[in-house]
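Q: Encoded as structure tokens, here's the structure I'll be asking about.
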Amino acid sequence: MNKTIRRTAVFSLLLVLALLVRATWVQFYDGKALADDKKNRRNAIEQYANPLGNIIVAGDAITGSAATKSGDLKYKRTYTNGSLYAAVTGYSSQVYGATQLEGIYQDLLDGTDTQLKNPLDALTNKRADPGDVITTIDPDVQKAAYNALGGNKGAAVAIDPKTGKILAVVSTPSYDPSEISTSNDTLWQKLRKNSDKPLVNRALRQPLPPGSTFKLVVAAAALEDGLYSDVDEKTTSPIPYTPPGTTRVLPNESKSAPCENATIRVALQYSCNNVFGKMAVDLGQDKVRAMAEKFGFNDKTQDVPVRAYPSVYPTGMDKAFTALTGIGQYDVTATPLQMAMVSAAIANGGELVSPHMVSQTSDADGNVVKDYDDSTSTKRIVDSRTAEQLQSAMQTVVEDGTGTNARISGATVGGKTGTAQHGENNSKTPYAWFTSYAKSDSNDKEVAVAVMVEQSDAARSEVSGNGLAAPVAKAMMQAALKD
């Protein structure tokens, strides 16, 4: 074979090899990328070719699938009491994607999750029958929160302190996911542009200033640090109190309240700003932040399993701003989930069980794929004595303080109100907060809740944690504790 022919043969062989490599690349790499592309219509056709699995609340499916009347997508997602459970389910839409539990468990619900496949299915890449998502939600608590919030813009969360199970997640105003399960651009744009943000899950994903509910965190830090030995020791808290580096007095809501040198119990009972502003300065921002972070603040990986937006305790402040953080203002923000976690840890003797709103996932035959109740973790936040002290002080708030609207006959209730300033110089309607726990006197049931009312029809002078948020919390706690 002469040199020219040999070179031509080698070059041709290299071309063939290059074609083989390229074909393999397209088949296995580019092919997967194209298959996973959200714009690939085949994905939607396959996903909605059969009924989806369901999201379950107390043994009943709150989702479903219905045959479509036309088009290449054979089924569409349906919802039972969609507006009630939207903050739990999210939506699964043929056009707009999937969110919340619908998005997180999309593969399980449409049968493509590899955990659902037997070895033969995995080999043939056959789509398995879809699985189900079993939630921890208590329908009675969910309905109580939704109905009590009514037409207000706000959110509420309830947690079982002993197990970490989330019993309710409510965000209002809500929306019906059924209405956007197929193409509905008019409604979709209306929802997106609505200034009330109905698509935002306020319970998990909208941190706002928590106001005086944050005083529980500051009190916990003071007790744990030894700044004060118990909730009945008098503090060093003058009136008026002017934070260091400023000439502006930190005022109290009630000028007649006995806040001068008040104990932690009395300071929580009357929500004394001078006490907790000075307490934060005396502790220093680092110690307050450390306690806040033990409760869950500044955690960017809080999954329940929906990823919650981090609640924030800031850094790099001077003492004047540190004083403001002591009353839950300046750049302190929290979600209702976070403040429910604070009350849950206090109610559970100082230990926080990881909150979760999915109990199990199962396959089409009801076999457990993953058990989340068995995989919870428990973290000690404060000493048991500190927790007992705070429980007692929170009970005083409800029995004789600013939280009397949360009283429940036949139950021990502790709570803390909050009215957070909103806008420059508090020019806008304040946020009304209430966080609490309740323990039944007749059974072993317990619950911790947090409620935030962002906007209501109430006159500005009537906006308070006790007036707007505590009644919602009471309704939730009563529903959770009933036999």
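Within each chain, counting starts at residue 1; across the structure tokens, chains are named A, B, ... in the order shown, with ligands numbered 1 upward in that order.
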Write down as a list in words the residues belonging to range 289-365 of chain A that are assigned helix (DSSP H, G or I) by DSSP computed on the backbone.

A: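 Filtering range 289-365 of chain A to helix (DSSP H, G or I) leaves Arg289, Ala290, Met291, Ala292, Glu293, Lys294, Phe295, Lys319, Ala320, Phe321, Thr322, Ala323, Leu324, Thr325, Pro336, Leu337, Gln338, Met339, Ala340, Met341, Val342, Ser343, Ala344, Ala345, Ile346 and Ala347 of chain A.
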
Q: For range 259-265 of chain A, work out the shell of residues within 12 Å, counting only C-alpha atoms and skipping chain neighbours fewer than 3 positions away, then give it as a PyMOL selection string.

A: chain A and resi 215-223+227-241+251-256+268-279+386+389-398+400-401+414-416

Q: Which one of A:Ser343, A:Ser195, A:Asn54, A:Ser12 sits closest to Glu388 in chain A if you count only C-alpha atoms?

A: A:Ser343

Q: Name the residues in contact with Asp286 in chain A at a cut-off of 12 Å, using only C-alpha atoms, excluding same-chain residues fewer than 3 positions from it; report them as a ChimeraX atom specification.

A: /A:218,221,225,280-283,289-293,313-319,322,325

Q: For each of A:Phe295, A:Tyr437, A:Tyr431, A:Phe11, take the minimum atom-to-atom distance to Ala155 in chain A, counting only C-alpha atoms, then give the residue where this is smallest.

A: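 Between A:Phe295, A:Tyr437, A:Tyr431, A:Phe11, the residue approaching Ala155 in chain A most closely is A:Tyr431.
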
Q: How would you write, as an mmCIF file with C-alpha atoms, in the first residue's frame, the set of residues in range 100-158 of chain A that DSSP gives as strand (DSSP E)?

A:
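Dumped everything to part-v8.cif:
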```cif
data_model
loop_
_atom_site.group_PDB
_atom_site.id
_atom_site.type_symbol
_atom_site.label_atom_id
_atom_site.label_comp_id
_atom_site.auth_asym_id
_atom_site.auth_seq_id
_atom_site.Cartn_x
_atom_site.Cartn_y
_atom_site.Cartn_z
ATOM 1 C CA ASP A 132 -48.114 9.643 46.831
ATOM 2 C CA VAL A 133 -46.978 12.288 49.308
ATOM 3 C CA ILE A 134 -48.450 11.908 52.801
ATOM 4 C CA THR A 135 -48.366 15.192 54.709
ATOM 5 C CA LYS A 153 -53.297 39.539 54.409
ATOM 6 C CA GLY A 154 -51.181 37.283 56.583
ATOM 7 C CA ALA A 155 -49.916 33.812 57.416
ATOM 8 C CA ALA A 156 -49.906 31.179 60.130
ATOM 9 C CA VAL A 157 -47.942 28.036 61.029
ATOM 10 C CA ALA A 158 -48.634 25.349 63.639
#
```

Q: Go through range 174-207 of chain A residue by residue and, counting only C-alpha atoms, keep those with an atom at most 12 Å from range 59-64 of chain A; for each kept residue give the shortest atom pair and its distance in Å to one decimal, ordered by chain and increasing number, as CSV.

A:
```
residue,atom,partner,partner_atom,distance
A:Asp176,CA,A:Thr63,CA,11.7
A:Pro177,CA,A:Thr63,CA,9.9
A:Ser178,CA,A:Thr63,CA,9.3
A:Ser181,CA,A:Gly64,CA,11.3
```

Q: Write out as a VMD selection string which residues come within 10 Å of Leu204 in chain A when counting only C-alpha atoms, dropping same-chain ones fewer than 6 positions away.

A: chain A and resid 87 155 to 157 169 to 171 302 to 304 306 to 311 334 to 338

Q: Let me make sure I understand: among A:Thr213, A:Thr417, A:Thr361, A:Thr378, which one has the smallest atom-to-atom distance to Ile104 in chain A if we use only C-alpha atoms?

A: A:Thr361

Q: Using only C-alpha atoms, which residue out of A:Leu15, A:Ile346, A:Val332, A:Val358 lies closest to Thr89 in chain A?

A: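 Ranking A:Leu15, A:Ile346, A:Val332, A:Val358 by distance to Thr89 in chain A, first place goes to A:Val358.
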
Q: Find the residue from A:Gly103, A:Gly90, A:Pro130, A:Gly97 that sits nearest to Asn201 in chain A; use only C-alpha atoms when measuring.

A: A:Gly90

Q: Find, counting only C-alpha atoms, the residue in A:Val451, A:Val266, A:Leu250, A:Ala344 that gets nearest to Gln329 in chain A.

A: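 Under the stated criterion, the closest residue is A:Leu250.
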